[in-house]
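Asks: A single structure is presented below for examination.
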Amino acid sequence: MVFFSAALVVSGCGQSESPGFRINLDGYDPAKVSQAQREAIGEAMEEFFGTPDVPRVPQELGLDAERIAVAAGPVEGRADGAQHGVYRQHCAVCHGISGDGAGALATTVDPYPRDFRLGVFKYTTTRAGAKPLRSDLRRILLRGIPSTGMPSYAQLTDRELAALVEYVVYLSIRGETERYLVQRVIDEGEYLPLGADVKEEVFDEAAVWAAESWAAPEQNPEDTVVVPPPRPEYTPPQRAASIERGKQLYASKNSQCVQCHGPKGDGDGENDLLYDDWNKPKIGVTPEETARLARLYRLPAQKLRARNFREGAFRGGGNPEDLYLRVYAGIKGTPMPAAGPQAGAGGVLTPEEIWDVVNYVLSLSGRY
Amino acid sequence: MSNKVHRRRFLSQTAAVAAVWTAAAKTPCRALAANDSWGDLTGRLVYDGAAPERERLVVDKDVDCCGKFDIRDESLMVGADGGLMNVYVYLRSKVRAIPPELQKTVEKQVLLDNRDCIFIPHCMKIWNSRQEFYIKNSDPVAQNVAFSPDLDQPANIVIPVDTDATWKFNRPQRKPVPIACNYHPWESAYIFPVDHPYVAITGEDGTFTIRGLPLGELEFQFWHERTDFLETRDWPRGRLTVAIRAGLNDLGTIKLPPVLFAKK
C-alpha cells in the first residue's frame, strides 16, 4: 500500500524522487563545509528526524506522532476520507518542505514566509524569549496574518489544524537541532557526527532543549503566558484621558516608540534600518560586507518596516488584547522589545500604561 | 534499502595539531595556591603593525543625547604600545577541578553599563552558575539590550532611564555572544557565558592571565570579534595546547600580523 501510493506520487506528479530536507547552511561559507561533512550532517539528521515522507518522531521530544503523520508526506486522500499530507498541500509552497521559509513563492511575498528553523515565532501570548503555545500557532492558522501573504486556514478541520501545528513544532525542533549540529561541525572542524557522542552531544543537547522550551509554556502557563487584564470600562472623558496619557507615553524617551513608529505613528521613525532576526545576519557594517554576507543566504535581505498604525492592519491581530500582548511581550525575533515587566527587569510600562498606549494606537487607526 | 546510518569517523582536518607548547620554566611567583597544585597561564598579544585608526561611527538616533559623544568603532582596539585588546583566551578542555579560592572570590555580578550611548565594557565573561548578568542604564534615554545565546533563552530587554535589569544564562556557550541595542545600532558588546572561571580577555597592554588551572596538558582557544577563532600557523582554529605546570606559565609576547584582523 505504501509502495503503491509512493509510486503514484512519483509517476502521477511527474516528480523524479521524493523531496528531502534541505541542509541548512544559511550564513556559512559553503567552502567551509565539505561534501563529506554535508553527508554526515544529513545522515545524522535523518537518523534523528527521518525524512519528509517518513518522519521519525523521537519519543523524548513529547510530540504527537499521529498528528505529524497526518501533516507529513505526499498529499493523498485515504479510503476512509481522511486527508494526509496537509503540510505539503497547504504550506510547503511558501514555507518549504524543510520549513525554511524558502518555498517556491517565498520571494514573491514581503515579509518572507516564516522560517521555522530558528524556533522563533513573532505573534504569541507568551513572554519575551519564550516559545509560543500551540494555541498561538493555531490562532495564526485560523486568522492568517493581515497584510502579509499568510491567509486564513479556517476552512480546515480541527484534525488538520492540529496536525499542521504539531508538524510546525516538529520542523522547528528539527531546524534548531540542525543549526546546532552544523555550527558545531564548522567550529570543530575535525569533529564529525555520527557516533554515540553525536546522539549525546547534539540530539540530547539541542533537540531535547528545544522540545523542553516548547513544553515549558504549556506546562507552566503562570510563568510564561501573558494574560491581559480586562481593559478598563471608560466613560468618554476617561477614554479621552487614557488616549492622551498613551500619547505622552508613546512620545517619551523611555518607551522609545517614536524611534521606529515615528512621531505620528506612520511607521516612519528615524530608526529605519530595521531587520528581523532572519534577515539581520545578512547585513554588515559596510556595503561590501553586506554584499558578501547576502551571498551566503538563499533569500536576499528583506528590510522590516515598523507598523504604520494609521493603516489599521495589525499583523498579530487588531483586538485590544492582541495589541496589549505586542506591547507587553514585544514581537519575537524583531527589534520590537517587550515593554512589560519580565523576570529580572521591571519593564517600561505598567499594565495600566500599556492599556493607555494601546488606546492611543487604536485611536490612530480609527478603531477607537 | 537499509536506513542504517553508516558510522563514520572523520580524520582531523587539523590532524597535525600544534605540538604541545611548554612554558619556559619560571619561578612560581604569582601562583594562586600556596601549594603546587595549580598553574597560571599568562601572555601578551601584540598587533604587529601601526595601530589602526578607529573609525567614527554614524550616530543618527537620539542625536540630542548621543550626538555629543565621539563614538568610535571598537571592533579592533590596539593599545599605545601595540597591545591587542579584547582577545578572549579560554580553556577548551573539560574542567577537571577548580581551586576553592576561585570559587569563593568570584564577583556575584557581571556589570554592563549603558553610558554615553555605548556599552561598557565592550567584552565580558560570565561564570553561569556563580554570577548573574547585571545591566544598568546611566544614560538619559532608554536603552535596549538584545542577545541570543545558542540553546538558551534570547533576550530583548528595555532598560528605561535610571533602571537596571538582571539576567541569568543557563547554558555555557562555545564562543562569545554578541550583544546589540535595537535603538542605537552602533552599540556593540560581547559576553561569554561559561561554566568555569578559565576565561581571560586581553587588556589594553595585550596581556592576559588565566589563574588556578589544573596541572597537565590543557587545550586553550583564542577568539577575537574580527577573526572569530584567532587562527594562526601555530594555532589551528585558534587552538593551543599547553602543558600547565605549577606556578606561572608564560607564553611570552606573541606578535600577530594585521592581515588577520582586516575587515572581511
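If you're wondering about the labels, chains in the C-alpha cells are A, B, ... by order shown, residues count from 1 in each chain, ligands from 1 in order shown.
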Residues of segment 124-249 of chain B classed as strand (DSSP E or B) by DSSP on the backbone are to be reported as a ChimeraX atom specification.

Replies: /B:124-127,132-137,143-147,155-159,164-167,177-180,188-194,199-201,207-214,216-224,228-229,239-244,247-249

Asks: Could you name the residues that touch segment 154-160 of chain A at 8 Å or less, counting only C-alpha atoms, but leaving out those on the same chain fewer than 5 positions away, as number ranges by chain?

Replies: A: 67, 70-71, 83, 86, 141-143

Asks: Based on the selection just made, write N, CA and C atoms of those residues as a PDB file, in the first residue's frame.

Replies:
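File produced: part_25.pdb:
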```pdb
ATOM      1  N   ARG A  67      -0.380  13.009  14.788  1.00  0.00           N
ATOM      2  CA  ARG A  67      -0.683  14.289  14.120  1.00  0.00           C
ATOM      3  C   ARG A  67       0.376  14.594  13.055  1.00  0.00           C
ATOM      4  N   VAL A  70      -0.220  12.812   9.881  1.00  0.00           N
ATOM      5  CA  VAL A  70      -1.295  13.388   9.053  1.00  0.00           C
ATOM      6  C   VAL A  70      -0.751  14.548   8.222  1.00  0.00           C
ATOM      7  N   ALA A  71       0.146  15.331   8.807  1.00  0.00           N
ATOM      8  CA  ALA A  71       0.667  16.512   8.112  1.00  0.00           C
ATOM      9  C   ALA A  71       1.750  16.149   7.109  1.00  0.00           C
ATOM     10  N   GLN A  83      -7.745  13.143   4.966  1.00  0.00           N
ATOM     11  CA  GLN A  83      -6.720  13.777   4.155  1.00  0.00           C
ATOM     12  C   GLN A  83      -5.361  13.614   4.806  1.00  0.00           C
ATOM     13  N   VAL A  86      -1.122  17.193   4.631  1.00  0.00           N
ATOM     14  CA  VAL A  86      -1.714  18.540   4.614  1.00  0.00           C
ATOM     15  C   VAL A  86      -0.661  19.656   4.648  1.00  0.00           C
ATOM     16  N   LEU A 141      -3.104  30.173  12.158  1.00  0.00           N
ATOM     17  CA  LEU A 141      -3.709  29.400  11.066  1.00  0.00           C
ATOM     18  C   LEU A 141      -5.163  29.825  10.834  1.00  0.00           C
ATOM     19  N   LEU A 142      -5.885  30.058  11.908  1.00  0.00           N
ATOM     20  CA  LEU A 142      -7.303  30.408  11.771  1.00  0.00           C
ATOM     21  C   LEU A 142      -7.482  31.816  11.212  1.00  0.00           C
ATOM     22  N   ARG A 143      -6.660  32.751  11.714  1.00  0.00           N
ATOM     23  CA  ARG A 143      -6.851  34.155  11.324  1.00  0.00           C
ATOM     24  C   ARG A 143      -6.043  34.557  10.095  1.00  0.00           C
TER      25      ARG A 143
END
```

Asks: So that each row is one residue of chain A with an atom at most 7 Å from chain B, can you give its shortest atom pair and the distance in Å to one decimal, using only C-alpha atoms, rows by chain and rising number, as JSON lines?

Replies:
```
{"residue": "A:Glu43", "atom": "CA", "partner": "B:Val5", "partner_atom": "CA", "distance": 6.3}
{"residue": "A:Glu47", "atom": "CA", "partner": "B:Val5", "partner_atom": "CA", "distance": 6.8}
{"residue": "A:Gly129", "atom": "CA", "partner": "B:Pro154", "partner_atom": "CA", "distance": 5.0}
{"residue": "A:Gly189", "atom": "CA", "partner": "B:Gln13", "partner_atom": "CA", "distance": 6.4}
{"residue": "A:Glu190", "atom": "CA", "partner": "B:Ser12", "partner_atom": "CA", "distance": 4.1}
{"residue": "A:Leu192", "atom": "CA", "partner": "B:Phe10", "partner_atom": "CA", "distance": 5.8}
{"residue": "A:Leu194", "atom": "CA", "partner": "B:Arg7", "partner_atom": "CA", "distance": 5.6}
{"residue": "A:Gly195", "atom": "CA", "partner": "B:Arg7", "partner_atom": "CA", "distance": 6.2}
{"residue": "A:Ala206", "atom": "CA", "partner": "B:Leu151", "partner_atom": "CA", "distance": 6.5}
{"residue": "A:Trp209", "atom": "CA", "partner": "B:Leu151", "partner_atom": "CA", "distance": 6.7}
{"residue": "A:Lys253", "atom": "CA", "partner": "B:Val141", "partner_atom": "CA", "distance": 5.5}
{"residue": "A:Asn254", "atom": "CA", "partner": "B:Ala142", "partner_atom": "CA", "distance": 4.7}
{"residue": "A:Gln256", "atom": "CA", "partner": "B:Ala142", "partner_atom": "CA", "distance": 6.9}
{"residue": "A:Glu270", "atom": "CA", "partner": "B:Lys61", "partner_atom": "CA", "distance": 6.6}
{"residue": "A:Asn271", "atom": "CA", "partner": "B:Lys61", "partner_atom": "CA", "distance": 6.8}
{"residue": "A:Glu289", "atom": "CA", "partner": "B:Lys264", "partner_atom": "CA", "distance": 6.7}
{"residue": "A:Pro335", "atom": "CA", "partner": "B:Asn182", "partner_atom": "CA", "distance": 5.5}
{"residue": "A:Pro337", "atom": "CA", "partner": "B:Asn156", "partner_atom": "CA", "distance": 5.6}
{"residue": "A:Ala338", "atom": "CA", "partner": "B:Ile157", "partner_atom": "CA", "distance": 6.5}
{"residue": "A:Ala339", "atom": "CA", "partner": "B:Val158", "partner_atom": "CA", "distance": 6.7}
{"residue": "A:Gly344", "atom": "CA", "partner": "B:Thr166", "partner_atom": "CA", "distance": 4.6}
{"residue": "A:Ala345", "atom": "CA", "partner": "B:Ala165", "partner_atom": "CA", "distance": 4.4}
{"residue": "A:Gly347", "atom": "CA", "partner": "B:Val158", "partner_atom": "CA", "distance": 6.5}
{"residue": "A:Val348", "atom": "CA", "partner": "B:Pro160", "partner_atom": "CA", "distance": 6.0}
```

Asks: DSSP says alpha helix (DSSP H) for which residues of segment 206-300 of chain A? Put them as a PyMOL selection string?

Replies: chain A and resi 208-219+221-224+236-251+257-261+287-294

Asks: Skip segment 48-62 of chain A itself and residues of its chain fewer than 4 positions away, then list as a list in words all residues within 9 Å of it, counting only C-alpha atoms.

Replies: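 Close residues of segment 48-62 of chain A: Ser18, Pro19, Gly20, Phe21, Glu43, Ala44, Ile68, Ala69, Ala72, Gly73, Pro74, Gly85, Ile97, Ser98, Tyr170, Ile173, Arg174, Lys199, Phe203, Ala207, Val208, Ala210, Ala211, Glu212 and Ala215 of chain A.
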
Asks: Write the residues you've just listed into a file as a tab-separated table (two decimals), in the first residue's frame, and include N, CA, C and O atoms for each of them.

Replies:
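As written to disk, result-v9.tsv reads:
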```tsv
chain	number	residue	atom	x	y	z
A	18	SER	N	11.28	11.54	-4.22
A	18	SER	CA	10.62	12.16	-3.08
A	18	SER	C	11.45	13.35	-2.61
A	18	SER	O	12.67	13.31	-2.65
A	19	PRO	N	10.79	14.41	-2.17
A	19	PRO	CA	11.56	15.56	-1.70
A	19	PRO	C	12.28	15.23	-0.39
A	19	PRO	O	11.79	14.44	0.41
A	20	GLY	N	13.45	15.82	-0.22
A	20	GLY	CA	14.20	15.61	1.02
A	20	GLY	C	14.30	16.92	1.77
A	20	GLY	O	13.96	17.98	1.25
A	21	PHE	N	14.76	16.84	3.01
A	21	PHE	CA	15.04	18.07	3.75
A	21	PHE	C	16.31	18.69	3.20
A	21	PHE	O	17.29	17.99	2.93
A	43	GLU	N	22.99	12.57	7.23
A	43	GLU	CA	22.73	11.24	7.78
A	43	GLU	C	22.33	11.31	9.25
A	43	GLU	O	21.41	10.63	9.70
A	44	ALA	N	23.02	12.15	10.00
A	44	ALA	CA	22.68	12.27	11.43
A	44	ALA	C	21.27	12.82	11.58
A	44	ALA	O	20.48	12.34	12.39
A	68	ILE	N	1.62	14.33	13.41
A	68	ILE	CA	2.69	14.60	12.46
A	68	ILE	C	2.52	13.74	11.20
A	68	ILE	O	2.72	14.20	10.08
A	69	ALA	N	2.07	12.50	11.40
A	69	ALA	CA	1.86	11.60	10.25
A	69	ALA	C	0.77	12.14	9.32
A	69	ALA	O	0.82	11.96	8.11
A	72	ALA	N	2.55	15.12	7.42
A	72	ALA	CA	3.74	14.83	6.62
A	72	ALA	C	3.39	14.06	5.35
A	72	ALA	O	2.26	13.60	5.17
A	73	GLY	N	4.40	13.93	4.51
A	73	GLY	CA	4.29	13.06	3.34
A	73	GLY	C	3.54	13.68	2.20
A	73	GLY	O	3.12	14.84	2.25
A	74	PRO	N	3.40	12.90	1.12
A	74	PRO	CA	2.72	13.42	-0.07
A	74	PRO	C	1.22	13.59	0.17
A	74	PRO	O	0.65	12.96	1.04
A	85	GLY	N	-0.93	14.45	4.27
A	85	GLY	CA	0.00	15.32	3.56
A	85	GLY	C	-0.46	16.76	3.55
A	85	GLY	O	-0.20	17.51	2.61
A	97	ILE	N	9.56	22.59	2.01
A	97	ILE	CA	9.48	21.23	2.56
A	97	ILE	C	10.19	21.17	3.92
A	97	ILE	O	9.78	20.50	4.84
A	98	SER	N	11.31	21.91	4.03
A	98	SER	CA	12.11	21.86	5.26
A	98	SER	C	11.63	22.86	6.32
A	98	SER	O	12.22	22.94	7.38
A	170	TYR	N	7.47	20.23	15.06
A	170	TYR	CA	8.46	19.22	14.67
A	170	TYR	C	9.55	19.83	13.77
A	170	TYR	O	10.75	19.65	13.99
A	173	ILE	N	11.80	22.16	15.87
A	173	ILE	CA	12.77	21.45	16.72
A	173	ILE	C	13.86	20.85	15.84
A	173	ILE	O	15.06	20.92	16.14
A	174	ARG	N	13.44	20.28	14.72
A	174	ARG	CA	14.41	19.72	13.78
A	174	ARG	C	15.37	20.81	13.31
A	174	ARG	O	16.59	20.63	13.24
A	199	LYS	N	24.74	11.64	19.23
A	199	LYS	CA	23.43	11.49	19.87
A	199	LYS	C	23.45	12.26	21.20
A	199	LYS	O	22.56	13.04	21.49
A	203	PHE	N	21.90	15.71	19.80
A	203	PHE	CA	20.47	15.44	19.97
A	203	PHE	C	20.03	15.72	21.41
A	203	PHE	O	19.08	16.44	21.65
A	207	ALA	N	18.07	19.07	20.56
A	207	ALA	CA	16.68	18.68	20.30
A	207	ALA	C	15.89	18.63	21.60
A	207	ALA	O	14.75	19.10	21.68
A	208	VAL	N	16.50	18.08	22.63
A	208	VAL	CA	15.78	17.96	23.90
A	208	VAL	C	15.56	19.35	24.50
A	208	VAL	O	14.49	19.66	25.02
A	210	ALA	N	15.23	22.15	22.78
A	210	ALA	CA	14.16	22.80	22.01
A	210	ALA	C	12.80	22.24	22.40
A	210	ALA	O	11.83	22.99	22.57
A	211	ALA	N	12.74	20.92	22.56
A	211	ALA	CA	11.46	20.31	22.94
A	211	ALA	C	11.02	20.78	24.32
A	211	ALA	O	9.84	21.08	24.54
A	212	GLU	N	11.96	20.90	25.23
A	212	GLU	CA	11.61	21.38	26.58
A	212	GLU	C	11.12	22.82	26.54
A	212	GLU	O	10.22	23.19	27.27
A	215	ALA	N	7.67	22.81	25.50
A	215	ALA	CA	6.76	22.27	26.53
A	215	ALA	C	6.56	23.27	27.67
A	215	ALA	O	5.50	23.28	28.31
```
